[in-house]
Amino acid sequence: MTTRFDERQIQLQHRGYPWALAGLIGLQLGALHAELVLGHPLFASQLGLISVTLALTGGGLITYFLLTDAYLTPTNQGLLPVLALVLWALTGLQIHQLVTSTARGTLDPLWVHGQIGAGATAWALVLAVGLPALTATGKAIANGTLSSLRPTPRRLAILIGWVGLLALTLWVRAGRADVHTSVGTTVTNFLMMLLPLIIVDGTVRHHRRLALAIALAWAALLGYLQLFH
Amino acid sequence: MKNTKMRAARAEHDLTQAELADRIGVTRQTIGAIEKGDYNPTIQLCLRICKALNKTLDDLFWED
């Protein structure tokens, strides 16, 4: 069964994409022309300019689609709480990375010598994922679909199994002097490996096989990186 | 302008917005927007709604 957006959603998407493109061009032109006022480029690097503007317009576009219920196809509307959960997890991971980088002193500065530094990309990503997460959660609450995330025996079993696997990994690693990855990184990796399972759990039946294949591939890749690198 | 005829026809069939949306392959929000008059559907969607509710285009979409 193919899933398609309905005509109202397509109409909203056709409205959203040109606005996002206009926003992207506007932001980039604005940033480039700020040089005329400031006397020097606003962004310290071209990469920073491109990544920050892309993150902001991309996040804005997804937020607009979520606000107008045009992000998920009619048959996938029930996935909204799962999407919100995944977006919150990604926001959490991004914030975690920001906090740990700040603590280690490895985070690129946000503002340096009167210019927006490379660190701005990390903050723009928090906005780009956090704003859709907030919107998806608000929509799920308004639609009354948030209750679909309630704990079920299967979900509890997955969670208990996952926590057990994490505990076993940490226990095995504790006895090996040649492993230097921090506990925080291991926990983060396990959280990332859990994301596809969350998606599979919430995926509608006709997508389950594909989602399961992607989830297993993702888990296998991260598992390989976690255990052997 | 609100489409009260469509809302009445839906109630006649004892269908929720979500159930009607499911039958014709659109989102519940699209049905809500049509009933509230916030969205003008294409003729194809009008026909699908009419078929699902056993009504004619005049019954549901012709303004008196």
# chains A, B, ... in the order shown; residues from 1 in each chain; ligands from 1
$ select_by_dssp --residues "chain B" --states "alpha helix (DSSP H)" --output "MDAnalysis selection string"
chainID B and resid 4:12 17:24 28:36 43:53 57:61
$ residues_around --residues "Thr42 of chain B" --least-positions-apart "6" --cutoff "12 Å" --atoms "only C-alpha atoms" --output "list in words"
Asp6, Glu7, Arg8 and Gln11 of chain A; Thr30, Ile34, Arg48, Ile49, Leu57 and Phe61 of chain B
$ closest_atom_pairs --of "chain B" --to "chain A" --cutoff "7 Å" --atoms "only C-alpha atoms" --output "Markdown table"
| residue | atom | partner | partner_atom | distance |
| --- | --- | --- | --- | --- |
| B:Gly25 | CA | A:Pro74 | CA | 6.5 |
| B:Val26 | CA | A:Asp6 | CA | 5.2 |
| B:Thr27 | CA | A:Pro74 | CA | 4.7 |
| B:Thr30 | CA | A:Arg8 | CA | 6.5 |
$ residues_around --residues "Leu146 of chain A" --least-positions-apart "3" --cutoff "8 Å" --atoms "only C-alpha atoms" --output "list in words"
Pro81, Thr137, Ala140, Ile141, Asn143 and Leu149 of chain A
$ closest_residue --among "B:Arg10, B:Ile24, B:Ile31, B:Glu63" --to "Leu47 of chain B" --atoms "only C-alpha atoms"
B:Ile24
$ residues_around --residues "Leu24 of chain A" --least-positions-apart "4" --cutoff "9 Å" --atoms "only C-alpha atoms" --output "list of chain:residue names"
A:Trp19, A:Ala20, A:Gln28, A:Leu29, A:Thr53, A:Leu54, A:Leu56, A:Thr57, A:Gly58
$ write_last_selection --atoms "C-alpha atoms" --output "short mmCIF file (atom, residue, chain, number, x, y, z; two decimals), in the first residue's frame"
data_model
loop_
_atom_site.label_atom_id
_atom_site.label_comp_id
_atom_site.auth_asym_id
_atom_site.auth_seq_id
_atom_site.Cartn_x
_atom_site.Cartn_y
_atom_site.Cartn_z
CA TRP A 19 8.83 30.27 1.57
CA ALA A 20 11.67 28.21 3.03
CA GLN A 28 22.12 34.32 3.37
CA LEU A 29 21.83 37.62 1.53
CA THR A 53 20.97 29.18 7.60
CA LEU A 54 20.19 25.66 6.34
CA LEU A 56 17.27 27.35 10.70
CA THR A 57 15.21 27.23 7.51
CA GLY A 58 15.02 23.42 7.56
#
$ atom_distance --atom1 "atom CA of Trp162 of chain A" --atom2 "atom CA of Leu194 of chain A"
7.8 Å
$ residues_around --residues "Thr4 of chain B" --least-positions-apart "6" --cutoff "9 Å" --atoms "only C-alpha atoms" --output "list in words"
Glu35, Lys36 and Leu60 of chain B
$ closest_residue --among "B:Trp62, B:Gly37, B:Gln17, B:Met6" --to "Cys50 of chain B" --atoms "only C-alpha atoms"
B:Met6
$ decode --residues "segment 26-52 of chain B" --atoms "N, CA and C atoms" --output "PDB file, in the first residue's frame"
ATOM      1  N   VAL B  26      -7.645  10.757   3.590  1.00  0.00           N
ATOM      2  CA  VAL B  26      -7.102  12.088   3.917  1.00  0.00           C
ATOM      3  C   VAL B  26      -6.923  12.176   5.429  1.00  0.00           C
ATOM      4  N   THR B  27      -6.356  13.287   5.897  1.00  0.00           N
ATOM      5  CA  THR B  27      -6.179  13.434   7.342  1.00  0.00           C
ATOM      6  C   THR B  27      -7.483  13.935   7.979  1.00  0.00           C
ATOM      7  N   ARG B  28      -7.614  13.675   9.276  1.00  0.00           N
ATOM      8  CA  ARG B  28      -8.779  14.168  10.014  1.00  0.00           C
ATOM      9  C   ARG B  28      -8.829  15.693   9.943  1.00  0.00           C
ATOM     10  N   GLN B  29      -7.640  16.299   9.946  1.00  0.00           N
ATOM     11  CA  GLN B  29      -7.576  17.763   9.910  1.00  0.00           C
ATOM     12  C   GLN B  29      -8.124  18.314   8.595  1.00  0.00           C
ATOM     13  N   THR B  30      -7.961  17.557   7.508  1.00  0.00           N
ATOM     14  CA  THR B  30      -8.487  18.006   6.210  1.00  0.00           C
ATOM     15  C   THR B  30     -10.017  18.030   6.237  1.00  0.00           C
ATOM     16  N   ILE B  31     -10.608  16.970   6.806  1.00  0.00           N
ATOM     17  CA  ILE B  31     -12.072  16.931   6.930  1.00  0.00           C
ATOM     18  C   ILE B  31     -12.539  18.100   7.808  1.00  0.00           C
ATOM     19  N   GLY B  32     -11.836  18.312   8.907  1.00  0.00           N
ATOM     20  CA  GLY B  32     -12.182  19.413   9.812  1.00  0.00           C
ATOM     21  C   GLY B  32     -12.103  20.762   9.107  1.00  0.00           C
ATOM     22  N   ALA B  33     -11.043  20.928   8.292  1.00  0.00           N
ATOM     23  CA  ALA B  33     -10.858  22.203   7.578  1.00  0.00           C
ATOM     24  C   ALA B  33     -11.970  22.423   6.545  1.00  0.00           C
ATOM     25  N   ILE B  34     -12.402  21.334   5.872  1.00  0.00           N
ATOM     26  CA  ILE B  34     -13.486  21.468   4.878  1.00  0.00           C
ATOM     27  C   ILE B  34     -14.792  21.842   5.597  1.00  0.00           C
ATOM     28  N   GLU B  35     -15.065  21.164   6.701  1.00  0.00           N
ATOM     29  CA  GLU B  35     -16.308  21.444   7.436  1.00  0.00           C
ATOM     30  C   GLU B  35     -16.325  22.863   8.022  1.00  0.00           C
ATOM     31  N   LYS B  36     -15.150  23.330   8.405  1.00  0.00           N
ATOM     32  CA  LYS B  36     -15.082  24.687   8.978  1.00  0.00           C
ATOM     33  C   LYS B  36     -15.061  25.766   7.893  1.00  0.00           C
ATOM     34  N   GLY B  37     -14.861  25.329   6.654  1.00  0.00           N
ATOM     35  CA  GLY B  37     -14.797  26.286   5.549  1.00  0.00           C
ATOM     36  C   GLY B  37     -13.424  26.900   5.383  1.00  0.00           C
ATOM     37  N   ASP B  38     -12.428  26.288   6.030  1.00  0.00           N
ATOM     38  CA  ASP B  38     -11.054  26.811   5.922  1.00  0.00           C
ATOM     39  C   ASP B  38     -10.326  26.283   4.694  1.00  0.00           C
ATOM     40  N   TYR B  39     -10.868  25.242   4.064  1.00  0.00           N
ATOM     41  CA  TYR B  39     -10.196  24.655   2.910  1.00  0.00           C
ATOM     42  C   TYR B  39     -11.223  24.303   1.835  1.00  0.00           C
ATOM     43  N   ASN B  40     -10.952  24.706   0.610  1.00  0.00           N
ATOM     44  CA  ASN B  40     -11.821  24.372  -0.524  1.00  0.00           C
ATOM     45  C   ASN B  40     -11.279  23.134  -1.219  1.00  0.00           C
ATOM     46  N   PRO B  41     -11.982  22.015  -1.104  1.00  0.00           N
ATOM     47  CA  PRO B  41     -11.455  20.782  -1.724  1.00  0.00           C
ATOM     48  C   PRO B  41     -11.583  20.812  -3.244  1.00  0.00           C
ATOM     49  N   THR B  42     -10.758  19.992  -3.912  1.00  0.00           N
ATOM     50  CA  THR B  42     -10.874  19.856  -5.368  1.00  0.00           C
ATOM     51  C   THR B  42     -12.111  19.022  -5.674  1.00  0.00           C
ATOM     52  N   ILE B  43     -12.486  19.007  -6.930  1.00  0.00           N
ATOM     53  CA  ILE B  43     -13.683  18.254  -7.325  1.00  0.00           C
ATOM     54  C   ILE B  43     -13.491  16.752  -7.064  1.00  0.00           C
ATOM     55  N   GLN B  44     -12.238  16.272  -7.237  1.00  0.00           N
ATOM     56  CA  GLN B  44     -11.973  14.838  -6.987  1.00  0.00           C
ATOM     57  C   GLN B  44     -12.247  14.477  -5.525  1.00  0.00           C
ATOM     58  N   LEU B  45     -11.794  15.333  -4.630  1.00  0.00           N
ATOM     59  CA  LEU B  45     -12.013  15.042  -3.208  1.00  0.00           C
ATOM     60  C   LEU B  45     -13.492  15.183  -2.856  1.00  0.00           C
ATOM     61  N   CYS B  46     -14.160  16.181  -3.460  1.00  0.00           N
ATOM     62  CA  CYS B  46     -15.596  16.343  -3.231  1.00  0.00           C
ATOM     63  C   CYS B  46     -16.338  15.059  -3.620  1.00  0.00           C
ATOM     64  N   LEU B  47     -15.951  14.503  -4.770  1.00  0.00           N
ATOM     65  CA  LEU B  47     -16.612  13.277  -5.255  1.00  0.00           C
ATOM     66  C   LEU B  47     -16.365  12.113  -4.298  1.00  0.00           C
ATOM     67  N   ARG B  48     -15.126  12.018  -3.785  1.00  0.00           N
ATOM     68  CA  ARG B  48     -14.821  10.925  -2.851  1.00  0.00           C
ATOM     69  C   ARG B  48     -15.654  11.058  -1.581  1.00  0.00           C
ATOM     70  N   ILE B  49     -15.798  12.306  -1.118  1.00  0.00           N
ATOM     71  CA  ILE B  49     -16.605  12.537   0.095  1.00  0.00           C
ATOM     72  C   ILE B  49     -18.066  12.170  -0.186  1.00  0.00           C
ATOM     73  N   CYS B  50     -18.566  12.597  -1.355  1.00  0.00           N
ATOM     74  CA  CYS B  50     -19.952  12.307  -1.718  1.00  0.00           C
ATOM     75  C   CYS B  50     -20.204  10.796  -1.770  1.00  0.00           C
ATOM     76  N   LYS B  51     -19.268  10.072  -2.393  1.00  0.00           N
ATOM     77  CA  LYS B  51     -19.422   8.618  -2.501  1.00  0.00           C
ATOM     78  C   LYS B  51     -19.406   7.967  -1.121  1.00  0.00           C
ATOM     79  N   ALA B  52     -18.511   8.453  -0.272  1.00  0.00           N
ATOM     80  CA  ALA B  52     -18.413   7.866   1.074  1.00  0.00           C
ATOM     81  C   ALA B  52     -19.675   8.131   1.892  1.00  0.00           C
TER      82      ALA B  52
END
